[in-house]
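Content type CSV, C-alpha atoms, from the file query_13.csv:
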```
chain,number,residue,atom,x,y,z
R,3,MET,CA,38.5,17.3,-0.2
R,4,THR,CA,36.0,16.1,-2.8
R,5,ASP,CA,32.8,18.2,-3.1
R,6,HIS,CA,30.4,15.3,-3.0
R,7,LYS,CA,27.3,17.4,-3.6
R,8,THR,CA,28.6,19.0,-6.8
R,9,THR,CA,30.2,15.8,-8.1
R,10,LEU,CA,27.1,13.7,-7.6
R,11,LYS,CA,24.9,16.3,-9.2
R,12,ILE,CA,27.2,16.4,-12.3
R,13,PHE,CA,27.2,12.6,-12.6
R,14,VAL,CA,23.4,12.4,-12.4
R,15,ASN,CA,22.8,15.3,-14.8
R,16,SER,CA,25.3,13.9,-17.3
R,17,PHE,CA,23.6,10.5,-17.2
R,18,LYS,CA,20.2,12.1,-17.7
R,19,GLU,CA,21.4,14.2,-20.6
R,20,TRP,CA,22.8,11.0,-22.2
R,21,LEU,CA,19.4,9.3,-21.7
R,22,SER,CA,17.6,12.2,-23.3
R,23,ALA,CA,19.9,12.2,-26.3
R,24,ASN,CA,19.5,8.5,-26.9
R,25,TYR,CA,16.0,7.5,-25.8
R,26,SER,CA,12.5,8.8,-26.1
R,27,LEU,CA,10.7,10.1,-23.0
R,28,GLN,CA,8.4,7.1,-23.0
R,29,GLU,CA,11.4,4.7,-23.1
R,30,ILE,CA,13.0,6.6,-20.2
R,31,GLN,CA,9.8,6.5,-18.2
R,32,ASP,CA,9.4,2.8,-18.8
R,33,LEU,CA,13.1,2.2,-18.0
R,34,GLN,CA,13.5,0.6,-21.4
R,35,VAL,CA,17.1,1.7,-21.7
R,36,ASN,CA,20.5,0.1,-21.9
R,37,ASP,CA,22.1,1.7,-18.8
R,38,ALA,CA,25.2,-0.4,-19.2
R,39,SER,CA,26.0,1.2,-22.5
R,40,TYR,CA,26.5,4.6,-20.8
R,41,PRO,CA,30.1,5.6,-21.9
R,42,GLU,CA,31.1,7.4,-18.7
R,43,TRP,CA,30.7,4.7,-16.1
R,44,GLN,CA,34.4,4.6,-15.3
R,45,PRO,CA,34.6,8.0,-13.7
R,46,ILE,CA,31.6,7.1,-11.6
R,47,GLU,CA,33.1,3.8,-10.5
R,48,ASP,CA,36.4,5.6,-9.7
R,49,TYR,CA,34.5,8.2,-7.6
R,50,PHE,CA,32.7,5.4,-5.7
R,51,SER,CA,36.0,3.5,-5.0
R,52,ALA,CA,37.5,6.7,-3.7
R,53,LEU,CA,34.4,7.4,-1.5
R,54,LEU,CA,34.7,3.9,0.0
R,55,ALA,CA,38.5,4.2,0.5
R,56,ALA,CA,38.0,7.5,2.3
R,57,GLY,CA,35.1,6.2,4.4
R,58,GLN,CA,32.9,9.2,3.5
R,59,ILE,CA,29.5,7.7,2.8
R,60,ASN,CA,28.4,8.9,6.3
R,61,GLN,CA,29.2,12.4,5.2
R,62,LEU,CA,26.5,12.4,2.5
R,63,ASP,CA,23.2,14.1,3.2
R,64,GLU,CA,19.8,13.0,1.9
R,65,GLU,CA,20.1,14.7,-1.4
R,66,ASP,CA,23.6,13.2,-1.9
R,67,LEU,CA,22.4,9.8,-1.0
R,68,ALA,CA,19.5,10.0,-3.4
R,69,HIS,CA,21.9,11.0,-6.3
R,70,LEU,CA,24.3,8.2,-5.4
R,71,LEU,CA,21.4,5.7,-5.2
R,72,TYR,CA,20.1,6.9,-8.6
R,73,LEU,CA,23.6,6.0,-10.0
R,74,ILE,CA,23.6,2.7,-8.2
R,75,ALA,CA,20.2,1.9,-9.7
R,76,ARG,CA,21.3,2.6,-13.2
R,77,HIS,CA,24.4,0.5,-12.6
R,78,TRP,CA,22.3,-2.5,-11.8
R,79,ASP,CA,23.2,-4.9,-14.6
R,80,ILE,CA,26.9,-4.1,-14.2
R,81,GLY,CA,26.8,-5.0,-10.6
R,82,ARG,CA,30.1,-3.7,-9.3
R,83,MET,CA,29.0,-0.8,-7.1
R,84,ILE,CA,26.8,-3.1,-5.1
R,85,ALA,CA,27.9,-6.7,-5.5
R,86,TRP,CA,24.3,-8.1,-5.6
R,87,LEU,CA,24.9,-10.6,-8.3
R,88,SER,CA,27.0,-13.0,-6.2
R,89,ARG,CA,26.8,-14.8,-2.9
R,90,ALA,CA,30.4,-13.8,-2.0
R,91,PRO,CA,30.5,-11.9,1.3
R,92,VAL,CA,31.8,-8.6,-0.2
R,93,LEU,CA,29.2,-5.9,-0.5
R,94,SER,CA,30.9,-4.0,-3.3
R,95,ASN,CA,33.4,-5.0,-6.0
R,96,LEU,CA,34.8,-1.5,-6.1
R,97,GLY,CA,36.2,-1.3,-2.6
R,98,ASP,CA,35.6,-2.1,1.1
R,99,LEU,CA,31.9,-1.2,1.6
R,100,SER,CA,31.5,-1.7,5.3
R,101,VAL,CA,28.3,-3.1,6.8
R,102,GLU,CA,27.7,0.2,8.5
R,103,ASP,CA,27.9,2.1,5.2
R,104,PHE,CA,25.8,-0.5,3.4
R,105,MET,CA,23.1,0.1,6.1
R,106,ILE,CA,23.3,3.8,5.5
R,107,LEU,CA,22.6,3.3,1.8
R,108,ALA,CA,20.0,0.6,2.4
R,109,ARG,CA,18.0,2.8,4.9
R,110,ALA,CA,18.1,5.7,2.5
R,111,VAL,CA,16.9,3.7,-0.5
R,112,SER,CA,14.1,2.1,1.5
R,113,LYS,CA,12.7,5.5,2.0
R,114,LEU,CA,12.9,6.7,-1.6
R,115,SER,CA,9.9,6.7,-3.9
R,116,GLY,CA,9.9,6.7,-7.7
R,117,THR,CA,10.4,3.9,-10.2
R,118,GLU,CA,13.9,5.2,-11.0
R,119,TYR,CA,15.1,3.8,-7.6
R,120,ASP,CA,13.6,0.3,-8.0
R,121,ASP,CA,16.7,-1.0,-9.6
R,122,ALA,CA,18.6,0.1,-6.5
R,123,LYS,CA,16.1,-1.3,-4.0
R,124,TYR,CA,16.2,-4.9,-5.2
R,125,GLN,CA,20.0,-4.8,-5.2
R,126,PHE,CA,20.0,-4.2,-1.4
R,127,ALA,CA,17.2,-6.8,-0.8
R,128,ALA,CA,19.2,-9.4,-2.7
R,129,CYS,CA,22.3,-8.6,-0.7
R,130,PHE,CA,20.4,-9.1,2.6
R,131,GLU,CA,19.3,-12.5,1.4
R,132,LYS,CA,22.7,-13.6,-0.1
R,133,LYS,CA,25.2,-12.1,2.3
R,134,PHE,CA,23.6,-11.6,5.7
R,135,ASP,CA,22.9,-14.3,8.4
R,136,THR,CA,21.4,-12.4,11.3
R,137,LEU,CA,18.2,-10.4,11.5
R,138,THR,CA,18.5,-7.2,13.5
R,139,PRO,CA,15.6,-4.7,14.1
R,140,GLY,CA,17.3,-2.3,11.7
R,141,ILE,CA,17.5,-4.9,8.9
R,142,ALA,CA,13.9,-6.0,9.5
R,143,HIS,CA,12.7,-2.4,9.3
R,144,ILE,CA,14.5,-1.8,6.0
R,145,LEU,CA,13.3,-5.1,4.5
R,146,LEU,CA,9.7,-4.4,5.5
R,147,ASN,CA,9.9,-1.0,3.8
R,148,LEU,CA,11.4,-2.6,0.7
R,149,TYR,CA,8.7,-5.4,0.8
R,150,HIS,CA,6.0,-2.8,0.7
R,151,SER,CA,7.5,-1.4,-2.5
R,152,ASN,CA,5.2,-1.3,-5.6
R,153,ASP,CA,7.9,-3.2,-7.6
R,154,GLU,CA,7.2,-6.9,-7.7
R,155,TYR,CA,10.9,-8.0,-7.9
R,156,THR,CA,11.9,-5.9,-4.9
R,157,LYS,CA,8.9,-7.3,-3.0
R,158,ARG,CA,9.9,-10.8,-3.9
R,159,LEU,CA,13.6,-10.5,-3.0
R,160,SER,CA,12.6,-8.8,0.3
R,161,LEU,CA,10.3,-11.7,1.1
R,162,LEU,CA,13.1,-14.2,0.4
R,163,ALA,CA,15.5,-12.2,2.6
R,164,LEU,CA,13.0,-12.0,5.5
R,165,ALA,CA,12.4,-15.7,5.2
R,166,LYS,CA,16.1,-16.5,5.1
R,167,LEU,CA,16.8,-14.3,8.1
R,168,LYS,CA,13.9,-15.9,10.0
R,169,TYR,CA,11.6,-12.9,10.4
R,170,PRO,CA,9.2,-13.9,13.2
R,171,ASP,CA,6.0,-13.0,11.3
R,172,ILE,CA,7.1,-14.4,8.0
R,173,ARG,CA,4.0,-16.5,7.5
R,174,THR,CA,1.8,-13.4,7.6
R,175,ILE,CA,4.0,-11.7,5.0
R,176,LEU,CA,4.0,-14.9,2.9
R,177,LYS,CA,0.1,-15.1,3.0
R,178,GLN,CA,-0.1,-11.4,2.0
R,179,SER,CA,2.2,-12.0,-0.9
R,180,TRP,CA,0.3,-15.0,-2.1
R,181,ASP,CA,-3.1,-13.4,-1.8
R,182,THR,CA,-2.3,-10.0,-3.3
R,183,VAL,CA,0.4,-10.4,-5.9
R,184,ASP,CA,-1.1,-12.0,-9.0
R,185,GLU,CA,2.2,-12.9,-10.8
R,186,GLN,CA,3.6,-16.4,-11.3
R,187,TYR,CA,7.2,-15.5,-10.4
R,188,HIS,CA,6.0,-14.1,-7.1
R,189,LYS,CA,4.1,-17.3,-6.4
R,190,ILE,CA,7.4,-19.1,-7.2
R,191,GLY,CA,9.1,-16.9,-4.7
R,192,CYS,CA,6.6,-17.8,-2.0
R,193,LEU,CA,7.2,-21.5,-2.6
R,194,GLN,CA,11.0,-21.0,-2.7
R,195,ALA,CA,10.8,-19.1,0.6
R,196,ILE,CA,9.0,-22.1,2.2
R,197,ASP,CA,11.2,-24.8,0.6
R,198,GLU,CA,14.6,-23.2,1.2
R,199,TYR,CA,14.2,-21.2,4.3
R,200,ILE,CA,11.0,-21.9,6.3
R,201,LYS,CA,11.4,-25.6,5.8
R,202,ASP,CA,7.9,-26.6,6.9
R,203,PRO,CA,6.6,-29.6,4.8
R,204,VAL,CA,3.0,-29.1,6.0
R,205,LEU,CA,3.1,-25.4,5.0
R,206,LEU,CA,4.7,-26.3,1.7
R,207,ASN,CA,1.9,-28.8,0.9
R,208,GLU,CA,-0.7,-26.2,1.8
R,209,TYR,CA,0.8,-23.8,-0.7
R,210,LEU,CA,1.4,-26.4,-3.4
R,211,ALA,CA,-2.4,-27.1,-3.1
R,212,LEU,CA,-3.1,-23.4,-3.6
R,213,ALA,CA,-0.7,-23.4,-6.6
R,214,ALA,CA,-2.9,-26.0,-8.3
R,215,GLY,CA,-5.5,-23.2,-8.9
R,216,GLU,CA,-2.9,-20.8,-10.4
R,217,THR,CA,-1.8,-20.4,-14.0
R,218,GLY,CA,1.7,-19.9,-15.5
R,219,ASP,CA,4.1,-22.3,-17.3
R,220,GLU,CA,7.0,-21.5,-15.1
R,221,LEU,CA,5.0,-21.9,-11.9
R,222,GLU,CA,3.7,-25.2,-13.1
R,223,LYS,CA,7.3,-26.4,-13.8
R,224,TYR,CA,8.5,-25.2,-10.4
R,225,VAL,CA,5.6,-27.0,-8.6
R,226,SER,CA,6.3,-30.2,-10.5
R,227,TRP,CA,10.0,-29.9,-9.5
R,228,LEU,CA,9.1,-29.4,-5.8
R,229,LYS,CA,6.8,-32.4,-5.8
R,230,SER,CA,9.5,-34.6,-7.4
R,231,LYS,CA,12.1,-33.8,-4.7
```
Re-express the file's structure as structure tokens.
Amino acid sequence: MTDHKTTLKIFVNSFKEWLSANYSLQEIQDLQVNDASYPEWQPIEDYFSALLAAGQINQLDEEDLAHLLYLIARHWDIGRMIAWLSRAPVLSNLGDLSVEDFMILARAVSKLSGTEYDDAKYQFAACFEKKFDTLTPGIAHILLNLYHSNDEYTKRLSLLALAKLKYPDIRTILKQSWDTVDEQYHKIGCLQAIDEYIKDPVLLNEYLALAAGETGDELEKYVSWLKSK
């Protein structure tokens, strides 16, 4: 039987050693690294495929899950461990990741702190928006935890997922986002949530009026496009 704890520690330590050998401490802290260029992704992907095939994600403890989620985070722009880049129903492109096991990973990542996990958090938020159709109490709890992340992109994708899955108090979350996140792409996310998922013309007009007082070329373009529809 695979010793998951030892294997995951080796994978993470090897990745961090590669980072230290190729990037400055500041670049690593700022996540200004090309994770996809790591030359040893194949063994990690093979391990993840075997883990899925054996149905052993539920055997991982908190430490193991944190190590696995660190690797998933660093794998973000490859997008095969967690299939977050497409709207296809599969949750992983490396094997049959069940909904139950996906939820184990999602719950674990929603509780982790540290910027090194941000690239994992938004993958799960994106999957909830793109691949799920029903809001359960468990999913709502995870998405609210992810929404309260310090990472803007994670917060934005969680907002969209909550809107798509018809979270009952979505208007409160929407107002909180608009009022507290001073970033044009987040404002675009708020408008997108109303336009695509909440589908309330009166509410959309209210936020379009608010957008008139905001700045940002991309926001201005998006507002113009919405008004022309």
> Can you tell me how far CA of Leu107 in chain R sits from CA of Asp32 in chain R, in Å to one decimal?
Replying inline: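 Result for CA of Leu107 in chain R versus CA of Asp32 in chain R: 24.5 Å, one decimal.
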>> Need the shell around Lys223 in chain R: protein/DNA/RNA residues with any atom at most 12 Å away, counting only C-alpha atoms. Skip same-chain ones fewer than 3 positions apart. Format as a PyMOL selection string?
In response: chain R and resi 186-187+190+210+213-214+217-220+226-230
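Picture a line from CA of Asn24 in chain R to CA of Thr9 in chain R; it runs 22.8 Å.
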> If we count only C-alpha atoms, what is near Trp180 in chain R at a cut-off of 12 Å, once residues fewer than 6 positions away on the same chain are taken out, given as a list in words?
Replying inline: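 The residues satisfying every condition are Lys157, Arg158, Leu161, Arg173, Thr174, Gln186, Tyr187, His188, Lys189, Ile190, Gly191, Cys192, Leu193, Ala195, Glu208, Tyr209, Leu210, Leu212, Ala213 and Glu216 of chain R.
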> In Å, how far is it from CA of Leu62 in chain R to CA of Ile106 in chain R?
Replying inline: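 One can read the CA of Leu62 in chain R to CA of Ile106 in chain R distance as 9.7 Å.
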> Please, which residues are within 9 Å of (23.9, 1.2, -16.3) by the file's coordinates, counting all atoms listed in the file, and could they come as a PyMOL selection string?
Replying inline: chain R and resi 35-40+43+73-81
Please report, as JSON lines, each residue of range 34-79 of chain R lying at most 7 Å from range 10-19 of chain R, together with the nearest pair of atoms and the separation in Å rounded to one decimal; use only C-alpha atoms, and order rows by chain and ascending residue number.
```
{"residue": "R:Asp66", "atom": "CA", "partner": "R:Leu10", "partner_atom": "CA", "distance": 6.7}
{"residue": "R:His69", "atom": "CA", "partner": "R:Leu10", "partner_atom": "CA", "distance": 6.0}
{"residue": "R:Leu70", "atom": "CA", "partner": "R:Leu10", "partner_atom": "CA", "distance": 6.6}
{"residue": "R:Leu73", "atom": "CA", "partner": "R:Val14", "partner_atom": "CA", "distance": 6.8}
```
